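Peer 1: Let me give you the structure first, and then I'll get to my questions.
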Amino acid sequence: MSLASVATADRFVDLAGLLESCEVDGFRADFLSWGHYRPEYWRNYWHSHSFHEVCLAYSGEGRFNSGSAQYDVTPGSVFLARPGDVHEIESSHVAPLGIAFWGFTFRPAGVPGAGGASGPADASGWWSGLTRSDGPVMSERAGTLPSLVTALAAEAAAPVAGYTTALGALGATLVLETARAFALDDDLAVEPVRRDRGPLVVDAMQRHLRDNLSRPITVRDVAAAAHLSERHAERLFTRQTGASIMSTLRRLRLELAAQLLLDHTLSVTEIAKACGYSDVRPFSTAFKRKYGRTPGDHRRAGGTEFM
């Protein structure tokens with residue numbers, strides 16, 4: 001999503017009353033303001049807030065003054081005023097500044113009050129960009145913020161069924177991405193996630209088998225569903241399950257058949273076809289080989305084993 005799309009987010013203000021709060025990772029955010037400045041000359045003079053105010057510049061140029069520090073603002077800049085920070089923003093006359101902004105309180109979930117962040121000053125993690133009073137106030141790490149601003153504005157412009165769930169999820173992600181933009185690199189670092197994809201891939205192959213028991217299936221089909229070569233798929237499947245793909249397919253089909261035979265509204269022929277057998281004879285042979293009795297005997301016994 002490009003920064004240009006944020007220019008259409010003038011409906012951002014419509015989020016007032018639609019998205020009031022969210023929780024993310026043990027923290028609660030109460031949204032107090034949503035807004036949008038069109039790219040024309042403007043200036044909001046020195047002031048402060050009791051909450052976090054975040055601005056995303058999408059066009060033009062300007063200046064952000066925070067205390068005694070002055071920052072140049074260009075498209076893609078994200079800048080932050082923490083609770084109590086005295087600041088002002090001024091657009092350029094030559095290249096007027098366009099921004100979207102949002103304001104929210106931020107505190108651990110369950111802590112009463114509507115003040116600013118009340119987490120420990122030395123807290124580390126993605127939230128450090130909000131809780132550290134000495135953290136940066138200017139960032140070029142816009143990340144997915146333009147996409148989130150655009151998506152939130154679109155939901156606000158025309159709410160439909162499910163909008164509260166959608167806005168809650170987008171709002172939580174907005175808070176997360178805002179904090180990430182201002183967090184220190186060390187506070188964003190996590191241990192590398194090393195996952196053995198083998199079990200996940202084999203689960204996908206087994207699911208493909210179960211979903212297609214009535215259809216002709218080959219190793220090639222199962223491998224393609226897992227985006228693997230036939231050789232790799234077979235080797236991985238056998239290592240994880242102790243059985244080949246085709247033997248597992250036969251087992252699953254016959255287990256399904258044993259269940260369906262208890263439904264007397266289905267004929268043996270219908271059950272054979274539902275389990276991927278084009279003819280009753282090979283079905284009956286395979287069933288007897290596995291269970292030691294014919295499908296008819298299994299049905300007559302009600303599924304119980306012979307003693």
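Convention: chains lettered A, B, ... in structure tokens order; per-chain residue numbering from 1; ligands numbered from 1 as shown.
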Residues at most 9 Å from stretch 204-213 of chain A, counting only C-alpha atoms, excluding those fewer than 3 positions away in the same chain, as a list of chain:residue names?

Peer 2: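 The neighbour list is A:Pro199, A:Leu200, A:Val201, A:Pro216, A:Ile217, A:Asp221, A:Val222, A:Ala223, A:Ala225, A:Ala226, A:Ala233, A:Phe237, A:Ile245, A:Thr248, A:Leu249, A:Leu252, A:Arg253, A:Leu256, A:Ala274, A:Cys275, A:Gly276.
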
Peer 1: Leaving out A:Leu184 and any residue of its chain fewer than 4 positions from it, which residues lie within 12 Å of it when counting only C-alpha atoms, given as a list in words?

Peer 2: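 Here the qualifying residues turn out to be Asp122, Ala123, Ser124, Gly125, Trp126, Trp127, Ser128, Gly129, Leu130, Thr131, Arg132, Asp134, Gly135, Pro136, Val137, Ser139, Arg141, Ala179, Arg180, Leu188 and Ala189 of chain A.
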
Peer 1: Could you write out, as a PyMOL selection string, all the residues of stretch 63-108 of chain A that DSSP marks as strand (DSSP E or B)?

Peer 2: chain A and resi 63-66+69-73+78-81+87-91+98-108

Peer 1: Which is closest to A:Gly67 among A:Asp279, A:Asp85, A:Glu255, A:Asp297, if we use only C-alpha atoms?

Peer 2: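 Under the stated criterion, the closest residue is A:Asp85.
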
Peer 1: Mind dumping a table of every stretch 78-148 of chain A residue within 9 Å of stretch 23-29 of chain A, with the nearest atom pair and its distance in Å to one decimal, using only C-alpha atoms, sorted by chain and rising number, as a tab-separated table?

Peer 2:
```
residue	atom	partner	partner_atom	distance
A:Phe104	CA	A:Ala29	CA	5.9
A:Thr105	CA	A:Ala29	CA	5.3
A:Phe106	CA	A:Ala29	CA	4.7
A:Arg107	CA	A:Phe27	CA	5.5
A:Pro108	CA	A:Phe27	CA	4.1
A:Ala109	CA	A:Phe27	CA	4.6
A:Gly110	CA	A:Arg28	CA	7.9
A:Val111	CA	A:Arg28	CA	8.7
A:Trp127	CA	A:Phe27	CA	8.9
```

Peer 1: Would you mind exporting C-alpha atoms of the selected residues as a short mmCIF file (atom, residue, chain, number, x, y, z; two decimals), in the first residue's frame?

Peer 2:
```cif
data_model
loop_
_atom_site.label_atom_id
_atom_site.label_comp_id
_atom_site.auth_asym_id
_atom_site.auth_seq_id
_atom_site.Cartn_x
_atom_site.Cartn_y
_atom_site.Cartn_z
CA PHE A 104 -4.68 7.02 22.36
CA THR A 105 -3.86 6.22 25.95
CA PHE A 106 -1.67 3.19 26.57
CA ARG A 107 -1.46 1.22 29.80
CA PRO A 108 -1.33 -2.36 31.03
CA ALA A 109 -4.73 -4.04 30.71
CA GLY A 110 -6.67 -3.99 33.97
CA VAL A 111 -5.03 -0.80 35.24
CA TRP A 127 5.93 -1.43 23.52
#
```

Peer 1: Please indicate the distance in Å from atom CA of A:Tyr163 to atom CA of A:Gly17, rounded to one decimal place.

Peer 2: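 Rounded to one decimal, the two atoms are 12.5 Å apart.
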
Peer 1: Of the candidates A:Glu20, A:Glu53, A:Asp263, A:Glu40, which one gets nearest to A:Gly103 if we count only C-alpha atoms?

Peer 2: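 Of all the options, A:Glu53 lies closest to A:Gly103.
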
Peer 1: Report as a ChimeraX atom specification all protein, DNA and RNA residues lying within 8 Å of A:Ser77, evaluated on only C-alpha atoms, omitting residues in the same chain fewer than 5 positions from it.

Peer 2: /A:56-58,138-142

Peer 1: Would you mind exporting N, CA, C and O atoms of the selected residues as a short mmCIF file (atom, residue, chain, number, x, y, z; two decimals), in the first residue's frame?

Peer 2:
```cif
data_model
loop_
_atom_site.label_atom_id
_atom_site.label_comp_id
_atom_site.auth_asym_id
_atom_site.auth_seq_id
_atom_site.Cartn_x
_atom_site.Cartn_y
_atom_site.Cartn_z
N LEU A 56 1.31 10.48 10.77
CA LEU A 56 1.95 9.87 9.61
C LEU A 56 1.85 10.85 8.44
O LEU A 56 0.74 11.20 8.01
N ALA A 57 2.99 11.30 7.95
CA ALA A 57 3.01 12.23 6.82
C ALA A 57 2.92 11.44 5.52
O ALA A 57 3.64 10.47 5.32
N TYR A 58 2.01 11.86 4.64
CA TYR A 58 1.86 11.15 3.37
C TYR A 58 2.21 12.01 2.16
O TYR A 58 2.36 11.50 1.04
N MET A 138 10.77 10.63 16.32
CA MET A 138 10.70 10.67 14.86
C MET A 138 11.19 9.34 14.32
O MET A 138 12.18 8.79 14.81
N SER A 139 10.46 8.81 13.34
CA SER A 139 10.83 7.53 12.78
C SER A 139 10.53 7.51 11.28
O SER A 139 9.57 8.14 10.82
N GLU A 140 11.33 6.76 10.54
CA GLU A 140 11.07 6.53 9.12
C GLU A 140 10.59 5.10 8.89
O GLU A 140 10.49 4.65 7.76
N ARG A 141 10.31 4.39 9.99
CA ARG A 141 9.84 3.00 9.88
C ARG A 141 8.31 2.98 9.84
O ARG A 141 7.65 2.53 10.76
N ALA A 142 7.76 3.44 8.75
CA ALA A 142 6.30 3.48 8.63
C ALA A 142 5.71 2.08 8.55
O ALA A 142 4.57 1.85 8.98
#
```

Peer 1: Excluding A:Phe12 and any residue of its chain fewer than 2 positions from it, enumerate the residues within 9 Å of it, using only C-alpha atoms, and give them as a list in words.

Peer 2: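 With the cut-off at 9 Å, the set is Thr8, Ala9, Asp10, Asp14, Leu15, Ala16, Trp34, Gly35, His36, Ala100, Phe101, Trp102, Val149, Thr150, Leu152, Ala153, Ala154, Ala156 and Ala157 of chain A.
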
Peer 1: Looking only at the backbone, which of the residues in stretch 126-227 of chain A does DSSP tag as alpha helix (DSSP H), as JSON, numbers by chain?

Peer 2: {"A": [128, 129, 130, 131, 145, 146, 147, 148, 149, 150, 151, 152, 153, 154, 155, 156, 157, 163, 164, 165, 166, 167, 168, 169, 170, 171, 172, 173, 174, 175, 176, 177, 178, 179, 180, 181, 182, 185, 186, 187, 188, 197, 198, 199, 200, 201, 202, 203, 204, 205, 206, 207, 208, 209, 210, 211, 219, 220, 221, 222, 223, 224, 225]}

Peer 1: Work out how far atom CA of A:Pro146 is from atom CA of A:Trp46, in Å to one decimal.

Peer 2: 26.4 Å

Peer 1: Just checking: using only C-alpha atoms, which residue out of A:Arg82, A:Ser214, A:His87, A:Val54 ends up closest to A:Ala69?

Peer 2: A:His87

Peer 1: Quick one: distance from atom CA of A:Asp203 to atom CA of A:Leu236 in Å, one decimal?

Peer 2: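 For atom CA of A:Asp203 relative to atom CA of A:Leu236, the distance reads 11.1 Å.
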
Peer 1: I need the residue nearest A:Ser278 from this list: A:Arg195, A:Gly76, A:Phe64, A:Arg215. Use only C-alpha atoms for the distance.

Peer 2: A:Arg215
